[in-house]
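The file my_file-v4.pdb comes next; it holds PDB, C-alpha atoms.
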ATOM      1  CA  MET A   1     -41.058   9.474  28.227  1.00  0.00           C
ATOM      2  CA  ARG A   2     -39.957   5.996  29.162  1.00  0.00           C
ATOM      3  CA  SER A   3     -39.399   4.992  25.506  1.00  0.00           C
ATOM      4  CA  THR A   4     -37.263   8.125  24.946  1.00  0.00           C
ATOM      5  CA  ILE A   5     -35.010   7.165  27.868  1.00  0.00           C
ATOM      6  CA  ILE A   6     -34.669   3.597  26.558  1.00  0.00           C
ATOM      7  CA  ILE A   7     -33.807   4.829  23.046  1.00  0.00           C
ATOM      8  CA  THR A   8     -31.247   7.298  24.461  1.00  0.00           C
ATOM      9  CA  ILE A   9     -29.633   4.581  26.567  1.00  0.00           C
ATOM     10  CA  GLY A  10     -29.578   2.292  23.501  1.00  0.00           C
ATOM     11  CA  PHE A  11     -27.797   4.925  21.360  1.00  0.00           C
ATOM     12  CA  LEU A  12     -25.325   5.658  24.167  1.00  0.00           C
ATOM     13  CA  ALA A  13     -24.547   1.951  24.593  1.00  0.00           C
ATOM     14  CA  ALA A  14     -24.085   1.519  20.818  1.00  0.00           C
ATOM     15  CA  PHE A  15     -21.717   4.515  20.725  1.00  0.00           C
ATOM     16  CA  LEU A  16     -19.650   3.222  23.641  1.00  0.00           C
ATOM     17  CA  LEU A  17     -19.419  -0.279  22.166  1.00  0.00           C
ATOM     18  CA  SER A  18     -18.402   1.047  18.743  1.00  0.00           C
ATOM     19  CA  SER A  19     -15.731   3.317  20.221  1.00  0.00           C
ATOM     20  CA  CYS A  20     -14.241   0.425  22.205  1.00  0.00           C
ATOM     21  CA  SER A  21     -14.275  -2.054  19.349  1.00  0.00           C
ATOM     22  CA  SER A  22     -11.313  -2.950  17.216  1.00  0.00           C
ATOM     23  CA  PRO A  23     -10.474  -0.446  14.449  1.00  0.00           C
ATOM     24  CA  LYS A  24     -11.940  -1.301  11.060  1.00  0.00           C
ATOM     25  CA  THR A  25      -9.865   1.078   8.925  1.00  0.00           C
ATOM     26  CA  THR A  26      -6.198   1.976   8.751  1.00  0.00           C
ATOM     27  CA  ALA A  27      -7.002   5.542   9.846  1.00  0.00           C
ATOM     28  CA  GLN A  28      -8.792   4.264  12.961  1.00  0.00           C
ATOM     29  CA  PHE A  29      -5.886   1.950  13.772  1.00  0.00           C
ATOM     30  CA  TYR A  30      -3.400   4.803  13.444  1.00  0.00           C
ATOM     31  CA  GLN A  31      -5.522   7.198  15.548  1.00  0.00           C
ATOM     32  CA  GLN A  32      -6.181   4.627  18.262  1.00  0.00           C
ATOM     33  CA  TYR A  33      -2.570   3.584  18.874  1.00  0.00           C
ATOM     34  CA  LYS A  34      -0.348   6.507  17.835  1.00  0.00           C
ATOM     35  CA  HIS A  35      -0.305   8.088  21.314  1.00  0.00           C
ATOM     36  CA  ARG A  36       0.519   4.951  23.273  1.00  0.00           C
ATOM     37  CA  GLU A  37       3.721   5.067  25.282  1.00  0.00           C
ATOM     38  CA  GLY A  38       6.675   3.805  23.252  1.00  0.00           C
ATOM     39  CA  VAL A  39       5.016   4.419  19.879  1.00  0.00           C
ATOM     40  CA  THR A  40       6.632   6.706  17.303  1.00  0.00           C
ATOM     41  CA  ASN A  41       4.319   8.039  14.612  1.00  0.00           C
ATOM     42  CA  PHE A  42       4.535  10.214  11.536  1.00  0.00           C
ATOM     43  CA  LYS A  43       1.959  11.336   8.964  1.00  0.00           C
ATOM     44  CA  MET A  44       2.625  13.087   5.648  1.00  0.00           C
ATOM     45  CA  PRO A  45      -0.187  14.665   3.616  1.00  0.00           C
ATOM     46  CA  GLY A  46      -0.476  13.676  -0.035  1.00  0.00           C
ATOM     47  CA  TRP A  47      -0.034  17.207  -1.367  1.00  0.00           C
ATOM     48  CA  VAL A  48       3.419  17.432   0.282  1.00  0.00           C
ATOM     49  CA  VAL A  49       4.521  14.222  -1.451  1.00  0.00           C
ATOM     50  CA  TRP A  50       3.090  15.438  -4.784  1.00  0.00           C
ATOM     51  CA  LEU A  51       4.686  18.895  -4.537  1.00  0.00           C
ATOM     52  CA  GLY A  52       8.061  17.602  -3.330  1.00  0.00           C
ATOM     53  CA  GLY A  53       8.144  14.940  -6.049  1.00  0.00           C
ATOM     54  CA  GLY A  54       7.347  17.543  -8.717  1.00  0.00           C
ATOM     55  CA  ILE A  55      10.047  19.957  -7.582  1.00  0.00           C
ATOM     56  CA  ALA A  56      12.643  17.199  -7.395  1.00  0.00           C
ATOM     57  CA  TYR A  57      11.543  15.755 -10.776  1.00  0.00           C
ATOM     58  CA  ASN A  58      12.159  19.067 -12.521  1.00  0.00           C
ATOM     59  CA  SER A  59      15.595  19.522 -10.973  1.00  0.00           C
ATOM     60  CA  VAL A  60      16.990  16.006 -11.485  1.00  0.00           C
ATOM     61  CA  ARG A  61      18.570  14.919 -14.776  1.00  0.00           C
ATOM     62  CA  ASN A  62      19.266  11.256 -13.964  1.00  0.00           C
ATOM     63  CA  GLU A  63      16.668   9.157 -15.819  1.00  0.00           C
ATOM     64  CA  LYS A  64      16.442   6.495 -13.119  1.00  0.00           C
ATOM     65  CA  SER A  65      15.778   9.095 -10.424  1.00  0.00           C
ATOM     66  CA  ARG A  66      13.200  10.794 -12.637  1.00  0.00           C
ATOM     67  CA  MET A  67      11.387   7.481 -13.083  1.00  0.00           C
ATOM     68  CA  TYR A  68      11.101   6.983  -9.308  1.00  0.00           C
ATOM     69  CA  LEU A  69      10.056  10.612  -8.763  1.00  0.00           C
ATOM     70  CA  GLY A  70       7.388  10.225 -11.442  1.00  0.00           C
ATOM     71  CA  LEU A  71       5.956   7.309  -9.475  1.00  0.00           C
ATOM     72  CA  ALA A  72       6.213   9.298  -6.239  1.00  0.00           C
ATOM     73  CA  ARG A  73       3.840  11.871  -7.736  1.00  0.00           C
ATOM     74  CA  LYS A  74       1.160   9.157  -7.776  1.00  0.00           C
ATOM     75  CA  VAL A  75       1.510   8.588  -4.024  1.00  0.00           C
ATOM     76  CA  GLY A  76      -0.913  10.163  -1.575  1.00  0.00           C
ATOM     77  CA  LYS A  77      -1.142  10.404   2.206  1.00  0.00           C
ATOM     78  CA  MET A  78       1.264   8.247   4.204  1.00  0.00           C
ATOM     79  CA  ARG A  79       1.092   7.145   7.842  1.00  0.00           C
ATOM     80  CA  PHE A  80       3.887   5.470   9.780  1.00  0.00           C
ATOM     81  CA  MET A  81       3.976   3.966  13.278  1.00  0.00           C
ATOM     82  CA  ALA A  82       6.669   1.979  15.046  1.00  0.00           C
ATOM     83  CA  SER A  83       7.339   0.739  18.546  1.00  0.00           C
ATOM     84  CA  GLU A  84      10.369  -0.932  20.070  1.00  0.00           C
ATOM     85  CA  ASP A  85      11.282  -2.502  23.407  1.00  0.00           C
ATOM     86  CA  GLY A  86       8.016  -4.204  24.251  1.00  0.00           C
ATOM     87  CA  MET A  87       4.715  -4.418  22.493  1.00  0.00           C
ATOM     88  CA  ALA A  88       2.768  -1.194  22.932  1.00  0.00           C
ATOM     89  CA  ILE A  89       0.181  -2.855  20.708  1.00  0.00           C
ATOM     90  CA  THR A  90      -0.497  -6.503  21.498  1.00  0.00           C
ATOM     91  CA  PRO A  91      -0.431  -9.252  18.848  1.00  0.00           C
ATOM     92  CA  GLU A  92      -4.126  -9.880  19.545  1.00  0.00           C
ATOM     93  CA  GLU A  93      -4.952  -6.244  18.678  1.00  0.00           C
ATOM     94  CA  ILE A  94      -2.874  -6.484  15.503  1.00  0.00           C
ATOM     95  CA  ASN A  95      -4.507  -9.751  14.416  1.00  0.00           C
ATOM     96  CA  SER A  96      -7.959  -8.287  15.084  1.00  0.00           C
ATOM     97  CA  PHE A  97      -7.096  -5.227  12.979  1.00  0.00           C
ATOM     98  CA  LEU A  98      -5.790  -7.390  10.117  1.00  0.00           C
ATOM     99  CA  SER A  99      -8.947  -9.489  10.210  1.00  0.00           C
ATOM    100  CA  ASN A 100     -11.131  -6.355  10.084  1.00  0.00           C
ATOM    101  CA  ILE A 101      -9.390  -4.725   7.130  1.00  0.00           C
ATOM    102  CA  ARG A 102      -9.436  -8.016   5.205  1.00  0.00           C
ATOM    103  CA  GLN A 103     -13.212  -8.033   5.666  1.00  0.00           C
ATOM    104  CA  ASN A 104     -13.297  -4.434   4.366  1.00  0.00           C
ATOM    105  CA  GLY A 105     -11.689  -5.082   0.983  1.00  0.00           C
ATOM    106  CA  TYR A 106      -7.957  -5.495   1.648  1.00  0.00           C
ATOM    107  CA  GLU A 107      -6.217  -8.527   0.150  1.00  0.00           C
ATOM    108  CA  ASP A 108      -2.933 -10.139   1.131  1.00  0.00           C
ATOM    109  CA  LEU A 109      -0.132  -9.498  -1.312  1.00  0.00           C
ATOM    110  CA  LEU A 110       2.335 -11.193   1.038  1.00  0.00           C
ATOM    111  CA  HIS A 111       1.835 -12.768   4.464  1.00  0.00           C
ATOM    112  CA  VAL A 112       4.526 -14.480   6.547  1.00  0.00           C
ATOM    113  CA  LYS A 113       3.747 -15.769  10.019  1.00  0.00           C
ATOM    114  CA  ASP A 114       5.422 -17.956  12.596  1.00  0.00           C
ATOM    115  CA  ALA A 115       5.059 -18.442  16.358  1.00  0.00           C
ATOM    116  CA  GLU A 116       6.289 -14.982  17.427  1.00  0.00           C
ATOM    117  CA  SER A 117       6.326 -12.833  14.315  1.00  0.00           C
ATOM    118  CA  ASN A 118       3.961 -11.676  11.630  1.00  0.00           C
ATOM    119  CA  PHE A 119       4.636  -9.707   8.436  1.00  0.00           C
ATOM    120  CA  SER A 120       1.878  -8.660   6.047  1.00  0.00           C
ATOM    121  CA  ILE A 121       1.597  -6.551   2.921  1.00  0.00           C
ATOM    122  CA  LEU A 122      -2.033  -5.854   2.086  1.00  0.00           C
ATOM    123  CA  VAL A 123      -3.537  -3.911  -0.816  1.00  0.00           C
ATOM    124  CA  ARG A 124      -6.903  -2.530  -1.732  1.00  0.00           C
ATOM    125  CA  ASP A 125      -7.386  -1.796  -5.396  1.00  0.00           C
ATOM    126  CA  ASN A 126      -9.946  -0.312  -7.733  1.00  0.00           C
ATOM    127  CA  ASP A 127     -11.230  -3.251  -9.807  1.00  0.00           C
ATOM    128  CA  GLY A 128      -7.699  -4.496 -10.386  1.00  0.00           C
ATOM    129  CA  GLN A 129      -6.723  -1.269 -12.170  1.00  0.00           C
ATOM    130  CA  LYS A 130      -5.197   1.056  -9.583  1.00  0.00           C
ATOM    131  CA  LEU A 131      -3.639   0.455  -6.210  1.00  0.00           C
ATOM    132  CA  LYS A 132      -5.746   2.616  -3.860  1.00  0.00           C
ATOM    133  CA  ASN A 133      -4.181   1.600  -0.540  1.00  0.00           C
ATOM    134  CA  LEU A 134      -1.071  -0.246   0.579  1.00  0.00           C
ATOM    135  CA  VAL A 135      -0.528  -1.429   4.165  1.00  0.00           C
ATOM    136  CA  ILE A 136       2.695  -2.945   5.479  1.00  0.00           C
ATOM    137  CA  LEU A 137       2.457  -4.277   9.014  1.00  0.00           C
ATOM    138  CA  GLY A 138       4.917  -6.403  10.868  1.00  0.00           C
ATOM    139  CA  TYR A 139       5.806  -7.332  14.399  1.00  0.00           C
ATOM    140  CA  ASP A 140       8.583  -9.459  15.776  1.00  0.00           C
ATOM    141  CA  ASP A 141      10.065  -9.889  19.240  1.00  0.00           C
ATOM    142  CA  GLY A 142       8.470  -6.779  20.759  1.00  0.00           C
ATOM    143  CA  GLU A 143       8.891  -4.501  17.737  1.00  0.00           C
ATOM    144  CA  LEU A 144       6.087  -3.173  15.542  1.00  0.00           C
ATOM    145  CA  PHE A 145       6.171  -1.510  12.131  1.00  0.00           C
ATOM    146  CA  PHE A 146       3.053  -0.052  10.446  1.00  0.00           C
ATOM    147  CA  PHE A 147       3.008   1.809   7.122  1.00  0.00           C
ATOM    148  CA  ASP A 148      -0.153   2.938   5.321  1.00  0.00           C
ATOM    149  CA  MET A 149      -0.152   4.675   1.939  1.00  0.00           C
ATOM    150  CA  LYS A 150      -2.843   5.923  -0.409  1.00  0.00           C
ATOM    151  CA  SER A 151      -1.921   5.985  -4.074  1.00  0.00           C
ATOM    152  CA  ARG A 152      -2.983   6.208  -7.701  1.00  0.00           C
ATOM    153  CA  LEU A 153      -0.342   3.718  -8.857  1.00  0.00           C
ATOM    154  CA  LYS A 154      -1.282   1.236 -11.531  1.00  0.00           C
ATOM    155  CA  TYR A 155      -0.132  -2.350 -11.322  1.00  0.00           C
ATOM    156  CA  GLU A 156       1.572  -1.836 -14.690  1.00  0.00           C
ATOM    157  CA  ASP A 157       3.720   0.928 -13.127  1.00  0.00           C
ATOM    158  CA  ILE A 158       5.010  -1.440 -10.468  1.00  0.00           C
ATOM    159  CA  VAL A 159       5.555  -4.305 -12.919  1.00  0.00           C
ATOM    160  CA  ASP A 160       7.329  -2.006 -15.402  1.00  0.00           C
ATOM    161  CA  VAL A 161       9.722  -0.609 -12.790  1.00  0.00           C
ATOM    162  CA  THR A 162      10.426  -4.071 -11.375  1.00  0.00           C
ATOM    163  CA  ASN A 163      11.124  -5.541 -14.823  1.00  0.00           C
ATOM    164  CA  ARG A 164      13.417  -2.683 -15.785  1.00  0.00           C
ATOM    165  CA  ILE A 165      15.395  -2.954 -12.576  1.00  0.00           C
ATOM    166  CA  LEU A 166      15.738  -6.727 -12.902  1.00  0.00           C
ATOM    167  CA  SER A 167      16.728  -6.599 -16.574  1.00  0.00           C
ATOM    168  CA  GLY A 168      19.248  -3.783 -16.119  1.00  0.00           C
ATOM    169  CA  GLU A 169      17.440  -1.741 -18.763  1.00  0.00           C
ATOM    170  CA  ARG A 170      17.719   1.994 -18.620  1.00  0.00           C
ATOM    171  CA  PRO A 171      14.557   3.478 -17.115  1.00  0.00           C
ATOM    172  CA  GLY A 172      12.356   5.576 -19.349  1.00  0.00           C
ATOM    173  CA  LYS A 173      13.149   3.598 -22.520  1.00  0.00           C
ATOM    174  CA  LYS A 174      11.642   0.449 -23.915  1.00  0.00           C
ATOM    175  CA  LYS A 175      13.968  -2.398 -24.770  1.00  0.00           C
ATOM    176  CA  HIS A 176      13.827  -1.735 -28.509  1.00  0.00           C
ATOM    177  CA  GLU A 177      14.607   1.954 -27.898  1.00  0.00           C
ATOM    178  CA  GLN A 178      17.832   1.274 -26.032  1.00  0.00           C
ATOM    179  CA  GLU A 179      20.723   3.258 -27.316  1.00  0.00           C
ATOM    180  CA  GLU A 180      23.241   1.184 -29.137  1.00  0.00           C
ATOM    181  CA  GLU A 181      26.808   1.587 -28.134  1.00  0.00           C
ATOM    182  CA  PRO A 182      28.812   3.473 -30.745  1.00  0.00           C
ATOM    183  CA  PRO A 183      31.143   1.258 -32.743  1.00  0.00           C
ATOM    184  CA  VAL A 184      34.692   1.093 -31.536  1.00  0.00           C
ATOM    185  CA  GLN A 185      36.835   3.313 -33.736  1.00  0.00           C
ATOM    186  CA  GLU A 186      40.262   2.208 -34.611  1.00  0.00           C
ATOM    187  CA  GLU A 187      42.837   4.544 -33.275  1.00  0.00           C
ATOM    188  CA  GLU A 188      45.108   6.179 -35.791  1.00  0.00           C
ATOM    189  CA  GLU A 189      48.769   6.009 -35.070  1.00  0.00           C
ATOM    190  CA  PRO A 190      50.004   9.326 -33.765  1.00  0.00           C
ATOM    191  CA  ALA A 191      52.063  11.370 -36.159  1.00  0.00           C
ATOM    192  CA  VAL A 192      55.713  11.542 -35.297  1.00  0.00           C
ATOM    193  CA  VAL A 193      56.857  15.095 -34.855  1.00  0.00           C
ATOM    194  CA  VAL A 194      60.517  15.744 -35.505  1.00  0.00           C
ATOM    195  CA  PRO A 195      61.831  18.833 -33.772  1.00  0.00           C
ATOM    196  CA  ARG A 196      63.669  21.379 -35.962  1.00  0.00           C
ATOM    197  CA  ALA A 197      67.172  22.064 -35.238  1.00  0.00           C
TER     198      ALA A 197
END

Structure translated into structure tokens:
Amino acid sequence: MRSTIIITIGFLAAFLLSSCSSPKTTAQFYQQYKHREGVTNFKMPGWVVWLGGGIAYNSVRNEKSRMYLGLARKVGKMRFMASEDGMAITPEEINSFLSNIRQNGYEDLLHVKDAESNFSILVRDNDGQKLKNLVILGYDDGELFFFDMKSRLKYEDIVDVTNRILSGERPGKKKHEQEEEPPVQEEEEPAVVVPRA
């Protein structure tokens, strides 16, 4: 009987300690802080993004817009949190969260930090092939921004779009497939019409 009580107390203590610890995933971070006073949050399921992107893709004729909508169909669930006018989530909690997700497979794509601000873009991929998760987290002077996205984007998709935008190339066509401008036609002189008397 005594050993049963000790085991029960041990499990209860482990549960309480794990529930009070810093979040180890982006979902836990979002769930833990989304209801704090001063925090605005929004979550969009992946099927809504996929369906909306498909409907818009079929109704848009602009090639550039179609390219972006095609990429949007590879985006899954999105979570967003923001707070203004004072830190609803302390910098210590944010740094602890960043440390935990780095230990769980996220890598820094970009990290900028100074005395009072921090901006990070972290990714988790599938063997360097597909971008499974993207996290953007920043805080500065009492403001927080958190964005979490699941995706099936390939790195080549991102590189291709970036290169096309930077080169001014029309989306959806390779450089060698670009349409050539039609040659300038010389204008014929207009015929002079003499009115009959």

- Task: Identify the residues around (-3.5, -0.9, -6.8) within a radius of 10 Å, measuring from all atoms listed in the file in the coordinates stated by the file, and give them as JSON, numbers by chain.
- Result: {"A": [123, 124, 125, 126, 127, 128, 129, 130, 131, 132, 133, 134, 150, 151, 152, 153, 154, 155, 156, 157, 158]}

Serialized selection, C-alpha atoms, as a short mmCIF file (atom, residue, chain, number, x, y, z; two decimals), keeping the file's coordinate frame:
data_model
loop_
_atom_site.label_atom_id
_atom_site.label_comp_id
_atom_site.auth_asym_id
_atom_site.auth_seq_id
_atom_site.Cartn_x
_atom_site.Cartn_y
_atom_site.Cartn_z
CA VAL A 123 -3.54 -3.91 -0.82
CA ARG A 124 -6.90 -2.53 -1.73
CA ASP A 125 -7.39 -1.80 -5.40
CA ASN A 126 -9.95 -0.31 -7.73
CA ASP A 127 -11.23 -3.25 -9.81
CA GLY A 128 -7.70 -4.50 -10.39
CA GLN A 129 -6.72 -1.27 -12.17
CA LYS A 130 -5.20 1.06 -9.58
CA LEU A 131 -3.64 0.46 -6.21
CA LYS A 132 -5.75 2.62 -3.86
CA ASN A 133 -4.18 1.60 -0.54
CA LEU A 134 -1.07 -0.25 0.58
CA LYS A 150 -2.84 5.92 -0.41
CA SER A 151 -1.92 5.98 -4.07
CA ARG A 152 -2.98 6.21 -7.70
CA LEU A 153 -0.34 3.72 -8.86
CA LYS A 154 -1.28 1.24 -11.53
CA TYR A 155 -0.13 -2.35 -11.32
CA GLU A 156 1.57 -1.84 -14.69
CA ASP A 157 3.72 0.93 -13.13
CA ILE A 158 5.01 -1.44 -10.47
#

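Reported to one decimal place, the separation of CA of Asp148 (chain A) from CA of Tyr30 (chain A) is 8.9 Å.
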
Which residues are close to Gly70 (chain A), i.e. within 12 Å by only C-alpha atoms, leaving aside same-chain residues fewer than 4 positions away? Reply as an mmCIF file with C-alpha atoms, in the coordinates of the input.
data_model
loop_
_atom_site.group_PDB
_atom_site.id
_atom_site.type_symbol
_atom_site.label_atom_id
_atom_site.label_comp_id
_atom_site.auth_asym_id
_atom_site.auth_seq_id
_atom_site.Cartn_x
_atom_site.Cartn_y
_atom_site.Cartn_z
ATOM 1 C CA VAL A 49 4.521 14.222 -1.451
ATOM 2 C CA TRP A 50 3.090 15.438 -4.784
ATOM 3 C CA LEU A 51 4.686 18.895 -4.537
ATOM 4 C CA GLY A 52 8.061 17.602 -3.330
ATOM 5 C CA GLY A 53 8.144 14.940 -6.049
ATOM 6 C CA GLY A 54 7.347 17.543 -8.717
ATOM 7 C CA ILE A 55 10.047 19.957 -7.582
ATOM 8 C CA ALA A 56 12.643 17.199 -7.395
ATOM 9 C CA TYR A 57 11.543 15.755 -10.776
ATOM 10 C CA ASN A 58 12.159 19.067 -12.521
ATOM 11 C CA VAL A 60 16.990 16.006 -11.485
ATOM 12 C CA GLU A 63 16.668 9.157 -15.819
ATOM 13 C CA LYS A 64 16.442 6.495 -13.119
ATOM 14 C CA SER A 65 15.778 9.095 -10.424
ATOM 15 C CA ARG A 66 13.200 10.794 -12.637
ATOM 16 C CA LYS A 74 1.160 9.157 -7.776
ATOM 17 C CA VAL A 75 1.510 8.588 -4.024
ATOM 18 C CA ARG A 152 -2.983 6.208 -7.701
ATOM 19 C CA LEU A 153 -0.342 3.718 -8.857
ATOM 20 C CA ASP A 157 3.720 0.928 -13.127
ATOM 21 C CA ILE A 158 5.010 -1.440 -10.468
ATOM 22 C CA VAL A 161 9.722 -0.609 -12.790
ATOM 23 C CA PRO A 171 14.557 3.478 -17.115
ATOM 24 C CA GLY A 172 12.356 5.576 -19.349
#

Enclose the full set of atoms of region 100-108 of chain A listed in the file within a box whose edges lie along x, y and z, apply 8 Å of padding to each of the six sides, and report centre and edge lengths in Å to one decimal as lines of an AutoDock Vina configuration file.
center_x = -8.1
center_y = -7.3
center_z = 5.1
size_x = 26.4
size_y = 21.7
size_z = 25.9

Can you spell out as an MDAnalysis selection string the set of residues that the PyMOL selection byres ((chain A and resi 146) around 7) selects in the structure I just provided? chainID A and resid 80:82 136:138 144:145 147:148

Pull C-alpha atoms from the residues just selected and write them as an mmCIF file, in the frame of the given file.
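Dumped everything to part_15.cif:
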data_model
loop_
_atom_site.group_PDB
_atom_site.id
_atom_site.type_symbol
_atom_site.label_atom_id
_atom_site.label_comp_id
_atom_site.auth_asym_id
_atom_site.auth_seq_id
_atom_site.Cartn_x
_atom_site.Cartn_y
_atom_site.Cartn_z
ATOM 1 C CA PHE A 80 3.887 5.470 9.780
ATOM 2 C CA MET A 81 3.976 3.966 13.278
ATOM 3 C CA ALA A 82 6.669 1.979 15.046
ATOM 4 C CA ILE A 136 2.695 -2.945 5.479
ATOM 5 C CA LEU A 137 2.457 -4.277 9.014
ATOM 6 C CA GLY A 138 4.917 -6.403 10.868
ATOM 7 C CA LEU A 144 6.087 -3.173 15.542
ATOM 8 C CA PHE A 145 6.171 -1.510 12.131
ATOM 9 C CA PHE A 147 3.008 1.809 7.122
ATOM 10 C CA ASP A 148 -0.153 2.938 5.321
#
